[in-house]
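Source file: protein_30.txt. Holds: compact mmCIF, C-alpha atoms.
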# COMPACT_ATOMS: atom_id res chain seq x y z
CA MET D 1 69.81 155.58 64.35
CA LEU D 2 73.32 154.71 65.45
CA HIS D 3 72.77 155.15 69.17
CA SER D 4 69.76 152.81 69.19
CA GLY D 5 72.01 150.12 67.71
CA ILE D 6 73.63 149.62 71.11
CA ASN D 7 70.45 147.81 72.23
CA VAL D 8 71.51 144.86 70.12
CA LEU D 9 73.87 143.96 72.97
CA PHE D 10 70.98 143.60 75.42
CA GLU D 11 68.38 142.03 73.12
CA GLY D 12 67.21 138.63 74.42
CA ARG D 13 70.09 136.63 75.85
CA ASN D 14 72.72 138.37 73.71
CA PHE D 15 74.69 139.85 76.58
CA ALA D 16 74.82 136.57 78.50
CA ARG D 17 75.90 134.75 75.33
CA LEU D 18 78.73 137.20 74.70
CA MET D 19 79.90 136.76 78.29
CA ALA D 20 79.75 132.98 77.93
CA GLY D 21 81.89 133.32 74.79
CA LEU D 22 84.37 135.47 76.69
CA TRP D 23 84.50 132.84 79.42
CA THR D 24 85.41 130.18 76.84
CA SER D 25 88.27 132.36 75.57
CA THR D 26 89.42 133.02 79.13
CA TRP D 27 89.51 129.46 80.41
CA ILE D 28 91.34 128.29 77.29
CA ALA D 29 93.92 131.06 77.80
CA VAL D 30 94.35 130.29 81.52
CA LEU D 31 94.61 126.52 81.07
CA ALA D 32 97.05 126.89 78.17
CA LEU D 33 99.13 129.29 80.25
CA ILE D 34 99.29 126.96 83.25
CA ILE D 35 100.34 123.95 81.14
CA GLY D 36 102.62 126.07 78.94
CA LEU D 37 104.43 127.65 81.88
CA ALA D 38 105.08 124.19 83.34
CA ILE D 39 106.46 122.92 80.00
CA GLY D 40 108.48 126.10 79.56
CA THR D 41 110.04 125.90 83.03
CA ILE D 42 111.21 122.32 82.44
CA PHE D 43 112.52 123.04 78.95
CA GLY D 44 114.09 126.32 80.05
CA VAL D 45 116.02 124.58 82.85
CA LEU D 46 117.09 121.80 80.46
CA ARG D 47 118.40 124.43 78.06
CA THR D 48 120.80 125.78 80.68
CA LEU D 49 122.43 122.35 81.15
CA LYS D 50 125.53 121.38 79.23
CA ASN D 51 123.94 118.46 77.36
CA ARG D 52 124.34 119.41 73.68
CA PRO D 53 121.77 117.07 72.02
CA VAL D 54 119.05 118.10 74.50
CA ARG D 55 119.84 121.78 73.97
CA PHE D 56 119.82 121.34 70.21
CA ILE D 57 116.43 119.57 70.14
CA LEU D 58 114.86 122.16 72.43
CA ARG D 59 116.32 124.96 70.32
CA ILE D 60 114.70 123.45 67.20
CA TYR D 61 111.43 123.17 69.13
CA LEU D 62 111.63 126.86 70.05
CA GLU D 63 112.54 127.99 66.53
CA PHE D 64 109.65 126.01 65.04
CA PHE D 65 107.18 127.91 67.19
CA ARG D 66 108.96 131.18 66.47
CA ILE D 67 108.53 130.68 62.73
CA VAL D 68 105.05 129.19 62.43
CA PRO D 69 102.28 131.77 62.94
CA THR D 70 99.68 130.86 65.57
CA VAL D 71 96.93 130.79 62.93
CA VAL D 72 98.85 128.06 61.10
CA LEU D 73 99.52 126.26 64.37
CA LEU D 74 95.81 126.04 65.09
CA TYR D 75 95.11 124.66 61.62
CA LEU D 76 97.93 122.14 62.06
CA VAL D 77 96.37 120.62 65.19
CA TYR D 78 92.88 121.00 63.76
CA TYR D 79 93.59 119.07 60.58
CA ILE D 80 96.47 116.78 61.40
CA LEU D 81 95.38 115.35 64.76
CA PRO D 82 92.05 113.90 63.56
CA ARG D 83 92.95 113.07 59.96
CA SER D 84 96.46 111.63 60.29
CA LEU D 85 96.73 110.63 63.94
CA HIS D 86 93.04 109.77 64.49
CA VAL D 87 92.83 111.85 67.64
CA ASN D 88 89.25 113.11 67.81
CA TRP D 89 89.31 115.69 70.55
CA PRO D 90 86.92 118.61 70.81
CA ALA D 91 88.33 121.75 69.18
CA THR D 92 88.73 123.43 72.57
CA TRP D 93 91.16 120.74 73.77
CA MET D 94 93.12 120.94 70.57
CA SER D 95 93.43 124.69 70.92
CA VAL D 96 94.66 124.28 74.52
CA LEU D 97 97.28 121.83 73.23
CA ALA D 98 98.44 124.16 70.46
CA PHE D 99 98.57 127.18 72.77
CA ALA D 100 100.30 125.27 75.58
CA LEU D 101 103.05 124.04 73.24
CA TRP D 102 103.49 127.56 71.89
CA VAL D 103 103.58 129.13 75.38
CA GLY D 104 106.00 126.39 76.45
CA ALA D 105 108.38 127.31 73.63
CA GLU D 106 108.26 131.05 74.30
CA PHE D 107 108.50 130.62 78.06
CA SER D 108 111.45 128.22 77.83
CA ASP D 109 113.46 131.05 76.29
CA ILE D 110 112.37 133.49 79.00
CA VAL D 111 113.36 130.99 81.72
CA ARG D 112 116.71 130.23 80.11
CA GLY D 113 117.53 133.93 79.79
CA ALA D 114 116.53 134.62 83.39
CA ILE D 115 118.50 131.69 84.85
CA GLU D 116 121.56 132.70 82.88
CA SER D 117 121.34 136.25 84.16
CA VAL D 118 121.28 135.24 87.84
CA PRO D 119 124.68 136.49 89.06
CA LYS D 120 127.41 133.88 88.81
CA ASN D 121 128.46 134.18 92.47
CA GLN D 122 124.98 132.97 93.50
CA ARG D 123 125.53 129.72 91.68
CA GLU D 124 129.05 129.38 93.02
CA SER D 125 127.96 130.12 96.59
CA GLY D 126 125.31 127.44 96.29
CA MET D 127 127.84 124.92 95.07
CA ALA D 128 130.25 125.92 97.83
CA LEU D 129 127.50 125.13 100.35
CA GLY D 130 127.36 121.65 98.87
CA LEU D 131 123.94 121.94 97.24
CA SER D 132 123.16 119.26 94.71
CA ARG D 133 122.27 120.40 91.22
CA LEU D 134 118.57 119.90 91.89
CA GLN D 135 118.80 121.89 95.12
CA LEU D 136 120.73 124.60 93.31
CA PHE D 137 117.87 125.07 90.84
CA ARG D 138 115.16 124.64 93.46
CA TYR D 139 116.51 127.03 96.11
CA VAL D 140 118.86 129.42 94.32
CA LEU D 141 118.37 129.80 90.59
CA ILE D 142 114.62 129.37 89.97
CA PRO D 143 113.43 131.68 92.81
CA GLN D 144 115.78 134.44 91.64
CA ALA D 145 115.01 133.84 87.99
CA PHE D 146 111.29 134.08 88.79
CA LYS D 147 111.61 137.75 89.75
CA LEU D 148 113.59 138.54 86.60
CA GLU D 149 111.16 136.78 84.28
CA LEU D 150 107.93 138.13 85.77
CA PRO D 151 107.40 141.11 83.40
CA ALA D 152 108.09 139.00 80.31
CA THR D 153 105.72 136.32 81.63
CA ILE D 154 102.92 138.83 82.13
CA ASN D 155 103.48 140.14 78.62
CA LEU D 156 103.28 136.58 77.32
CA ALA D 157 99.95 136.20 79.15
CA THR D 158 98.58 139.31 77.43
CA ARG D 159 99.63 137.84 74.09
CA VAL D 160 97.88 134.56 74.87
CA ILE D 161 94.67 136.44 75.75
CA LYS D 162 94.83 138.41 72.50
CA THR D 163 95.57 135.26 70.53
CA THR D 164 92.38 133.59 71.81
CA SER D 165 90.65 135.79 69.22
CA LEU D 166 92.00 133.32 66.64
CA LEU D 167 89.99 130.46 68.16
CA MET D 168 87.05 131.45 65.97
CA ILE D 169 88.86 130.09 62.91
CA ILE D 170 88.58 126.53 64.20
CA ASN D 171 84.89 127.02 65.00
CA ILE D 172 85.17 127.37 68.76
CA MET D 173 82.20 129.25 70.20
CA GLU D 174 84.25 132.02 71.72
CA VAL D 175 83.32 135.66 72.00
CA ILE D 176 83.92 136.70 68.37
CA ASN D 177 82.03 133.74 66.92
CA VAL D 178 79.09 134.47 69.23
CA GLY D 179 79.32 138.11 68.17
CA GLN D 180 79.12 137.14 64.50
CA GLN D 181 76.00 135.05 65.15
CA ILE D 182 74.36 137.91 67.00
CA ILE D 183 75.18 140.34 64.19
CA GLU D 184 73.73 138.01 61.57
CA ALA D 185 70.58 137.20 63.54
CA ASN D 186 69.83 140.87 64.25
CA ASN D 187 70.89 142.37 60.95
CA GLN D 188 67.32 143.31 59.93
CA GLN D 189 66.39 145.01 63.15
CA TYR D 190 69.81 146.51 63.94
CA PRO D 191 71.71 147.41 60.76
CA THR D 192 74.38 149.15 62.86
CA GLY D 193 74.68 146.16 65.21
CA VAL D 194 78.01 145.18 63.63
CA PHE D 195 79.58 148.38 64.94
CA TRP D 196 78.33 147.87 68.49
CA VAL D 197 79.05 144.18 68.76
CA TYR D 198 82.61 144.35 67.42
CA GLY D 199 83.18 147.59 69.29
CA PHE D 200 82.04 145.91 72.50
CA ILE D 201 84.35 142.91 71.94
CA PHE D 202 87.19 145.33 71.18
CA ILE D 203 86.60 146.98 74.58
CA LEU D 204 86.33 143.60 76.33
CA TYR D 205 89.78 142.59 75.10
CA PHE D 206 91.17 145.95 76.13
CA ILE D 207 89.72 145.57 79.64
CA LEU D 208 91.33 142.13 79.97
CA ASP D 209 94.74 143.09 78.61
CA TYR D 210 95.38 146.66 79.66
CA PRO D 211 95.76 146.08 83.43
CA LEU D 212 98.17 143.21 82.78
CA SER D 213 100.40 145.14 80.39
CA ALA D 214 100.36 148.18 82.67
CA TRP D 215 101.47 145.92 85.53
CA ALA D 216 104.29 144.47 83.41
CA LYS D 217 105.41 147.98 82.48
CA ARG D 218 105.50 149.06 86.12
CA LEU D 219 107.57 146.02 87.09
CA THR D 220 110.04 146.64 84.26
CA ALA D 221 110.43 150.27 85.30
CA LYS D 222 111.07 149.19 88.90
CA GLN D 223 113.78 146.74 87.90
CA LYS D 224 115.79 149.38 86.10
CA MET Y 1 102.10 113.00 51.39
CA SER Y 2 102.20 113.20 47.61
CA TRP Y 3 104.78 115.17 45.66
CA THR Y 4 102.58 115.61 42.60
CA VAL Y 5 99.98 117.37 44.77
CA ILE Y 6 102.72 119.66 46.05
CA GLN Y 7 104.09 120.32 42.57
CA GLN Y 8 100.68 121.15 41.17
CA ALA Y 9 99.97 123.58 43.99
CA LEU Y 10 103.30 125.42 43.62
CA PRO Y 11 102.16 128.16 41.18
CA VAL Y 12 99.11 128.95 43.33
CA PHE Y 13 101.27 129.09 46.44
CA ALA Y 14 103.77 131.34 44.69
CA LYS Y 15 101.02 133.93 44.26
CA GLY Y 16 100.10 133.82 47.94
CA PHE Y 17 103.78 133.98 48.82
CA GLU Y 18 104.24 137.13 46.76
CA LEU Y 19 101.20 138.80 48.31
CA THR Y 20 102.36 137.93 51.85
CA LEU Y 21 105.75 139.49 51.05
CA TRP Y 22 104.20 142.68 49.66
CA LEU Y 23 101.72 143.12 52.49
CA SER Y 24 104.46 142.49 55.07
CA LEU Y 25 106.83 144.94 53.42
CA ILE Y 26 104.28 147.75 53.21
CA GLY Y 27 103.08 146.98 56.73
CA ILE Y 28 106.61 147.02 58.17
CA ILE Y 29 107.65 150.24 56.46
CA GLY Y 30 104.39 151.94 57.47
CA SER Y 31 104.75 150.69 61.04
CA ILE Y 32 108.31 151.98 61.32
CA ILE Y 33 107.27 155.43 60.09
CA VAL Y 34 104.26 155.59 62.45
CA GLY Y 35 106.42 154.19 65.25
CA ILE Y 36 109.19 156.79 64.82
CA ILE Y 37 106.73 159.70 64.69
CA THR Y 38 104.81 158.39 67.71
CA SER Y 39 107.89 157.76 69.82
CA LEU Y 40 109.45 161.15 69.01
CA ILE Y 41 106.20 162.88 69.99
CA GLN Y 42 106.21 160.91 73.25
CA TYR Y 43 109.92 161.51 73.85
CA PHE Y 44 109.67 165.28 73.55
CA LYS Y 45 106.30 165.26 75.39
CA VAL Y 46 104.60 167.42 72.76
CA PRO Y 47 101.51 168.75 74.59
CA VAL Y 48 98.11 167.19 73.69
CA LEU Y 49 99.61 165.12 70.86
CA SER Y 50 101.68 163.01 73.23
CA GLN Y 51 98.58 162.10 75.29
CA ILE Y 52 96.67 161.18 72.15
CA PHE Y 53 99.49 159.01 70.85
CA THR Y 54 99.98 157.33 74.23
CA ALA Y 55 96.29 156.39 74.21
CA TYR Y 56 96.70 155.08 70.65
CA VAL Y 57 99.66 152.89 71.64
CA GLU Y 58 97.78 151.40 74.59
CA VAL Y 59 94.64 150.67 72.57
CA ALA Y 60 96.50 149.15 69.63
CA ARG Y 61 98.80 147.02 71.78
CA ASN Y 62 96.09 145.67 74.05
CA THR Y 63 93.58 144.49 71.44
CA PRO Y 64 93.92 141.62 68.95
CA LEU Y 65 94.63 142.32 65.28
CA LEU Y 66 91.72 140.09 64.29
CA ILE Y 67 89.12 142.26 66.00
CA GLN Y 68 90.84 145.41 64.67
CA LEU Y 69 90.50 143.99 61.17
CA PHE Y 70 86.86 142.99 61.68
CA PHE Y 71 86.13 146.49 62.87
CA LEU Y 72 87.79 148.05 59.82
CA TYR Y 73 86.30 145.58 57.39
CA TYR Y 74 82.75 145.07 58.70
CA ALA Y 75 81.96 148.00 61.01
CA PHE Y 76 83.46 150.94 59.08
CA PRO Y 77 81.18 150.43 56.04
CA VAL Y 78 78.23 151.22 58.38
CA PHE Y 79 79.47 154.84 58.23
CA GLY Y 80 80.00 154.61 54.50
CA LEU Y 81 83.77 154.08 54.78
CA LYS Y 82 84.32 151.04 52.61
CA MET Y 83 87.83 149.75 51.97
CA SER Y 84 88.99 146.68 50.07
CA ALA Y 85 90.17 143.74 52.18
CA GLU Y 86 93.81 144.43 51.23
CA VAL Y 87 93.61 148.06 52.29
CA CYS Y 88 91.93 147.06 55.58
CA GLY Y 89 94.69 144.53 56.15
CA ILE Y 90 97.46 147.05 55.61
CA VAL Y 91 95.75 149.77 57.65
CA GLY Y 92 95.16 147.28 60.48
CA LEU Y 93 98.72 146.00 60.38
CA ILE Y 94 100.18 149.52 60.45
CA PHE Y 95 97.80 150.51 63.27
CA LEU Y 96 99.03 147.54 65.32
CA GLY Y 97 102.65 147.59 64.18
CA GLY Y 98 103.06 151.36 64.65
CA ALA Y 99 102.24 150.95 68.34
CA TYR Y 100 104.68 148.06 68.80
CA MET Y 101 107.42 149.94 66.95
CA ALA Y 102 106.72 153.06 69.02
CA GLU Y 103 107.24 151.05 72.21
CA GLY Y 104 110.52 149.70 70.89
CA PHE Y 105 111.84 153.10 69.79
CA THR Y 106 110.73 154.75 73.03
CA GLY Y 107 112.73 152.13 74.91
CA GLY Y 108 115.76 152.94 72.76
CA PHE Y 109 115.38 156.71 73.01
CA ASN Y 110 115.06 156.52 76.78
CA GLY Y 111 118.28 154.54 76.83
CA VAL Y 112 120.26 157.47 75.41
CA SER Y 113 122.18 158.85 78.38
CA SER Y 114 121.07 162.18 79.74
CA SER Y 115 124.58 163.62 79.48
CA GLN Y 116 124.26 163.28 75.71
CA ILE Y 117 121.07 165.33 75.76
CA SER Y 118 122.46 168.03 78.03
CA SER Y 119 125.62 168.26 75.92
CA GLY Y 120 123.43 168.75 72.87
CA LYS Y 121 121.47 171.45 74.64
CA ALA Y 122 124.69 173.11 75.79
CA LEU Y 123 125.73 173.31 72.15
CA GLY Y 124 122.53 175.26 71.53
CA MET Y 125 120.64 172.54 69.64
CA ASN Y 126 116.87 172.86 69.40
CA ASN Y 127 114.54 169.86 69.86
CA LEU Y 128 114.53 169.01 66.16
CA GLN Y 129 118.33 169.02 65.98
CA LEU Y 130 118.55 167.00 69.19
CA ALA Y 131 116.20 164.43 67.69
CA ARG Y 132 118.02 164.33 64.37
CA TYR Y 133 121.66 164.28 65.55
CA VAL Y 134 121.65 162.92 69.12
CA VAL Y 135 118.56 160.99 70.22
CA PHE Y 136 117.64 159.27 66.98
CA PRO Y 137 120.99 157.82 65.87
CA GLN Y 138 121.89 156.49 69.32
CA GLY Y 139 118.38 155.45 70.28
CA PHE Y 140 117.84 153.64 67.01
CA SER Y 141 120.78 151.31 67.54
CA LEU Y 142 119.57 150.62 71.09
CA SER Y 143 116.13 149.67 69.79
CA MET Y 144 117.44 147.21 67.18
CA PRO Y 145 116.51 144.05 69.15
CA ALA Y 146 112.93 145.29 69.55
CA LEU Y 147 112.82 146.24 65.87
CA THR Y 148 113.91 142.74 64.86
CA ALA Y 149 111.30 141.10 67.08
CA ASN Y 150 108.59 143.40 65.74
CA ILE Y 151 109.44 142.77 62.09
CA VAL Y 152 109.21 138.99 62.60
CA PHE Y 153 106.00 139.47 64.58
CA LEU Y 154 104.38 141.58 61.84
CA ILE Y 155 105.24 139.11 59.09
CA LYS Y 156 103.60 136.35 61.13
CA GLU Y 157 100.57 138.53 61.85
CA THR Y 158 99.81 138.75 58.11
CA SER Y 159 98.50 135.17 58.44
CA ILE Y 160 95.49 136.69 60.24
CA PHE Y 161 94.60 138.47 56.98
CA SER Y 162 93.17 135.12 55.87
CA VAL Y 163 90.05 135.79 57.99
CA ILE Y 164 89.02 138.71 55.80
CA ALA Y 165 89.69 136.66 52.66
CA ILE Y 166 92.90 138.31 51.48
CA PRO Y 167 94.49 135.63 49.27
CA GLU Y 168 97.86 135.57 51.09
CA LEU Y 169 99.71 132.37 52.02
CA THR Y 170 97.44 131.04 54.77
CA ASN Y 171 94.28 131.86 52.86
CA THR Y 172 95.69 130.17 49.76
CA ALA Y 173 96.44 126.99 51.72
CA LEU Y 174 92.97 126.97 53.30
CA ASP Y 175 91.35 127.44 49.91
CA LEU Y 176 93.28 124.51 48.51
CA ILE Y 177 92.41 122.33 51.50
CA GLY Y 178 88.75 123.24 51.02
CA MET Y 179 88.87 122.26 47.37
CA TYR Y 180 91.00 119.12 47.39
CA TYR Y 181 91.05 117.86 51.00
CA ARG Y 182 94.81 117.33 50.94
CA SER Y 183 95.50 118.95 54.29
CA ASN Y 184 98.90 117.31 54.96
CA GLU Y 185 100.49 118.50 51.73
CA TYR Y 186 99.13 122.04 51.82
CA LEU Y 187 99.87 122.59 55.50
CA PHE Y 188 103.39 121.27 54.96
CA MET Y 189 103.85 123.74 52.09
CA LEU Y 190 102.45 126.52 54.26
CA VAL Y 191 104.93 125.90 57.08
CA VAL Y 192 107.81 125.65 54.60
CA ALA Y 193 106.72 128.89 52.92
CA TYR Y 194 106.80 130.78 56.22
CA ALA Y 195 110.19 129.25 57.01
CA ILE Y 196 111.51 130.41 53.61
CA ILE Y 197 110.43 133.95 54.39
CA LEU Y 198 111.31 134.12 58.07
CA ILE Y 199 114.62 132.26 58.37
CA PRO Y 200 116.54 134.65 56.05
CA VAL Y 201 114.80 137.65 57.63
CA ILE Y 202 115.83 136.50 61.12
CA LEU Y 203 119.42 135.79 60.03
CA VAL Y 204 119.86 139.13 58.25
CA LEU Y 205 118.31 141.09 61.11
CA ASN Y 206 120.48 139.32 63.70
CA TRP Y 207 123.55 140.15 61.66
CA LEU Y 208 122.45 143.76 61.30
CA GLU Y 209 121.70 143.90 65.01
CA ARG Y 210 125.23 142.86 65.88
CA ARG Y 211 126.69 145.40 63.45
CA VAL Y 212 124.59 148.29 64.67
CA ARG Y 213 124.47 147.38 68.33
CA TYR Y 214 128.22 147.37 68.91
CA ALA Y 215 129.10 150.19 66.58
CA SER Y 216 130.58 152.79 68.86
CA PHE Y 217 129.44 156.33 68.42
CA GLY Y 218 131.53 158.54 66.12
CA ASP Y 219 133.24 155.50 64.60
Represent the structure of the file as structure tokens.
Amino acid sequence: MLHSGINVLFEGRNFARLMAGLWTSTWIAVLALIIGLAIGTIFGVLRTLKNRPVRFILRIYLEFFRIVPTVVLLYLVYYILPRSLHVNWPATWMSVLAFALWVGAEFSDIVRGAIESVPKNQRESGMALGLSRLQLFRYVLIPQAFKLELPATINLATRVIKTTSLLMIINIMEVINVGQQIIEANNQQYPTGVFWVYGFIFILYFILDYPLSAWAKRLTAKQK
Amino acid sequence: MSWTVIQQALPVFAKGFELTLWLSLIGIIGSIIVGIITSLIQYFKVPVLSQIFTAYVEVARNTPLLIQLFFLYYAFPVFGLKMSAEVCGIVGLIFLGGAYMAEGFTGGFNGVSSSQISSGKALGMNNLQLARYVVFPQGFSLSMPALTANIVFLIKETSIFSVIAIPELTNTALDLIGMYYRSNEYLFMLVVAYAIILIPVILVLNWLERRVRYASFGD
């Protein structure tokens, strides 16, 4: 009874549809990460400067994203952009925006922490060589900070991948939403389909995330 | 934005607020207990158990809470194991949170210097005494930053309970939006409600972290 339920995954185009859903989740995660890392690098560098108002505003930005759960964030863009600001983007774009802003906030703190923990004599040596401030960041601080921040960045990526599971709440056709449709359509024929479909999605997420978090763990152990 | 809308929704929100607090509290306490047990088993490399718990930590940390909840809520009844949405939520949150806490505590326990352990052994302590008097007190203070981050994380994760229709804060706001179409007001209230919970929690935990972190041993 139970073991025959696994066939629900291969009935018709079900498998291809699940994979297409997974692809939607993946490209949203990757795009949001790329944009978010760019935002985070800029904001992180700005937060190490001595300009108080800029630091204050960016701190507020970070704290906002620390306090508001991602579920709420998605609803904020989903409701407020079209209704109050008359921006009628597809839901996928809005989710990329929400995720990118969130990643930007989290990453800005990682970048700031890493730049501040580059040894002081590195900065001083750079200045002694007559590097301008831009050159100092470009050639001394950011390359060294990059190595320090790598494990935290990978961990952030695993979190973004896991958080794509929330995209279903704003009706994006990602892997869980597709899974739900398959379960409903095949409920008569496969009463245990719900176990196999959700179990399969569970494993898919694990396959995506486990190598990344294992990599981050190895890097952290090496740095110690 | 209309204040009367906000005022009228306050009592309904208060209920969701209370439920979010309760679910978070139970989830956090449960996660800490599971986390301590798991990390001690891993620390002392208890045969068989430590492999099982390591697998548990990896599975729980590398899968989203939402799919864990769906599995508990929709797939478990197939085997006749039916739980209410609230119970599923708490079980899911502790399953996830226990793994995160375990990681944090393991980090702290591994930070306890090996000379402390060998001194304990030289005094003739057994594993249980080592855990109770040496590893745990020192490791716990080292894992405070991770504990703080995890507590904040778990409170925020309760918002995902809304997908299995637990009437916590987020679900309450969505219900109201569905009924009255006043998304600005209700979303504003939702963000403020989370801020009211999380800002004091963050401040208290940061204070506690400073107290515990720099307390020298034997003080």
Inset, instruction - Within 8 Å of segment 157-161 of chain Y, counting all atoms listed in the file, which residues show up once you throw out same-chain ones fewer than 4 positions away? Write them as an MDAnalysis selection string, please. - result: (chainID D and resid 69 71:72) or (chainID Y and resid 20 23:24 65:66 89 93 153 165:166 168:171)
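With distances taken over all atoms listed in the file, D:Trp196 is the one residue among D:Trp196, D:Phe10, D:Phe15, D:Trp93 lying closest to chain Y.
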Inset, instruction - Identify the residues within 12 Å of coordinate (73.1, 151.3, 73.0) (same frame as the file), considering only C-alpha atoms, and give the answer as a ChimeraX atom specification. - result: /D:1-11,190,192-193,195-197,199-200
Inset, instruction - Excluding Tyr43 of chain Y and any residue of its chain fewer than 5 positions from it, enumerate the residues within 10 Å of it, using only C-alpha atoms, and give them as number ranges by chain. - result: Y: 37-38, 50, 105-107, 109-110, 131, 135
Can I get the residues of chain D within 10 Å of chain Y, each with the closest pair of atoms and their distance in Å to one decimal, using all atoms listed in the file, sorted chain first then ascending number, as CSV?
residue,atom,partner,partner_atom,distance
D:Leu2,CA,Y:Val78,CA,9.3
D:Glu63,CA,Y:Ile199,CA,9.4
D:Phe64,CA,Y:Ala195,CA,8.7
D:Arg66,CA,Y:Val152,CA,8.7
D:Ile67,CA,Y:Ala195,CA,6.1
D:Val68,CA,Y:Val191,CA,6.3
D:Pro69,CA,Y:Lys156,CA,5.1
D:Thr70,CA,Y:Lys156,CA,8.1
D:Val71,CA,Y:Ser159,CA,6.5
D:Val72,CA,Y:Thr170,CA,7.1
D:Leu73,CA,Y:Val191,CA,9.1
D:Tyr75,CA,Y:Leu187,CA,8.0
D:Leu76,CA,Y:Leu187,CA,6.9
D:Tyr79,CA,Y:Ser183,CA,6.6
D:Ile80,CA,Y:Asn184,CA,6.9
D:Arg83,CA,Y:Ser183,CA,8.6
D:Ser84,CA,Y:Asn184,CA,8.2
D:Thr158,CA,Y:Asn62,CA,7.6
D:Arg159,CA,Y:Pro64,CA,8.6
D:Ile161,CA,Y:Pro64,CA,8.6
D:Lys162,CA,Y:Pro64,CA,4.9
D:Thr163,CA,Y:Pro64,CA,6.8
D:Thr164,CA,Y:Pro64,CA,8.7
D:Ser165,CA,Y:Leu66,CA,6.6
D:Leu166,CA,Y:Leu66,CA,7.2
D:Met168,CA,Y:Val163,CA,9.6
D:Ile169,CA,Y:Val163,CA,7.6
D:Ile176,CA,Y:Ile67,CA,8.0
D:Pro191,CA,Y:Val78,CA,7.9
D:Thr192,CA,Y:Val78,CA,6.3
D:Gly193,CA,Y:Ala75,CA,8.6
D:Val194,CA,Y:Ala75,CA,5.5
D:Phe195,CA,Y:Ala75,CA,4.6
D:Trp196,CA,Y:Ala75,CA,8.3
D:Val197,CA,Y:Ala75,CA,9.1
D:Tyr198,CA,Y:Phe71,CA,6.1
D:Gly199,CA,Y:Phe71,CA,7.2
D:Ile201,CA,Y:Ile67,CA,7.6
D:Phe202,CA,Y:Ile67,CA,6.3
D:Ile203,CA,Y:Thr63,CA,8.0
D:Leu204,CA,Y:Thr63,CA,8.8
D:Tyr205,CA,Y:Thr63,CA,5.6
D:Phe206,CA,Y:Asn62,CA,5.3
D:Ile207,CA,Y:Asn62,CA,8.5
D:Leu208,CA,Y:Asn62,CA,8.4
D:Asp209,CA,Y:Asn62,CA,5.4
D:Tyr210,CA,Y:Asn62,CA,5.7
D:Pro211,CA,Y:Asn62,CA,9.4
D:Leu212,CA,Y:Asn62,CA,9.3
D:Ser213,CA,Y:Asn62,CA,7.7
D:Ala214,CA,Y:Glu58,CA,9.1
Inset, instruction - Tell me, as a VMD selection string, which residues lie within 9 Å of Tyr100 of chain Y, counting only C-alpha atoms; anything in the same chain fewer than 2 positions away does not count. - result: chain Y and resid 31 35 57 60 to 61 96 to 98 102 to 105 146 to 147 150
Now that the selection is made, can you save its residues with C-alpha atoms as a PDB file, in the coordinates of the input?
ATOM      1  CA  SER Y  31     104.750 150.690  61.040  1.00  0.00           C
ATOM      2  CA  GLY Y  35     106.420 154.190  65.250  1.00  0.00           C
ATOM      3  CA  VAL Y  57      99.660 152.890  71.640  1.00  0.00           C
ATOM      4  CA  ALA Y  60      96.500 149.150  69.630  1.00  0.00           C
ATOM      5  CA  ARG Y  61      98.800 147.020  71.780  1.00  0.00           C
ATOM      6  CA  LEU Y  96      99.030 147.540  65.320  1.00  0.00           C
ATOM      7  CA  GLY Y  97     102.650 147.590  64.180  1.00  0.00           C
ATOM      8  CA  GLY Y  98     103.060 151.360  64.650  1.00  0.00           C
ATOM      9  CA  ALA Y 102     106.720 153.060  69.020  1.00  0.00           C
ATOM     10  CA  GLU Y 103     107.240 151.050  72.210  1.00  0.00           C
ATOM     11  CA  GLY Y 104     110.520 149.700  70.890  1.00  0.00           C
ATOM     12  CA  PHE Y 105     111.840 153.100  69.790  1.00  0.00           C
ATOM     13  CA  ALA Y 146     112.930 145.290  69.550  1.00  0.00           C
ATOM     14  CA  LEU Y 147     112.820 146.240  65.870  1.00  0.00           C
ATOM     15  CA  ASN Y 150     108.590 143.400  65.740  1.00  0.00           C
TER      16      ASN Y 150
END
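With only C-alpha atoms as the atoms that count, the minimum distance from Leu134 of chain D to the choices D:Val45, D:Ile170, D:Leu219, D:Leu31 is reached by D:Val45.
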Inset, instruction - Considering only C-alpha atoms, state which residue in the set Y:Lys45, Y:Ile90, Y:Leu128, Y:Leu176 is at the smallest distance from Gly30 of chain Y. - result: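 Between Y:Lys45, Y:Ile90, Y:Leu128, Y:Leu176, the residue approaching Gly30 of chain Y most closely is Y:Ile90.
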Legend entry - Pick from D:Val54, D:Ile154, D:Val87, D:Leu74, whichever lies nearest to Leu167 of chain D using only C-alpha atoms: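 Closest to Leu167 of chain D of all the choices is D:Leu74.
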Legend entry - Between atom CA of Thr26 of chain D and atom CA of Asn186 of chain D - distance in Å to one decimal: 25.8 Å
Inset, instruction - Find the residue from D:Ile28, D:Leu101, D:Leu150, D:Ile172 that sits nearest to Leu58 of chain D; use only C-alpha atoms when measuring. - result: D:Leu101
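Relative to atom CA of Leu136 of chain D, atom CA of Leu62 of chain D is found at 25.1 Å.
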Inset, instruction - Name the closest residue to Thr148 of chain Y among the candidates Y:Val87, Y:Met1, Y:Leu208, Y:Val46; distances are taken between atoms, counting all atoms listed in the file. - result: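 Closest to Thr148 of chain Y of all the choices is Y:Leu208.
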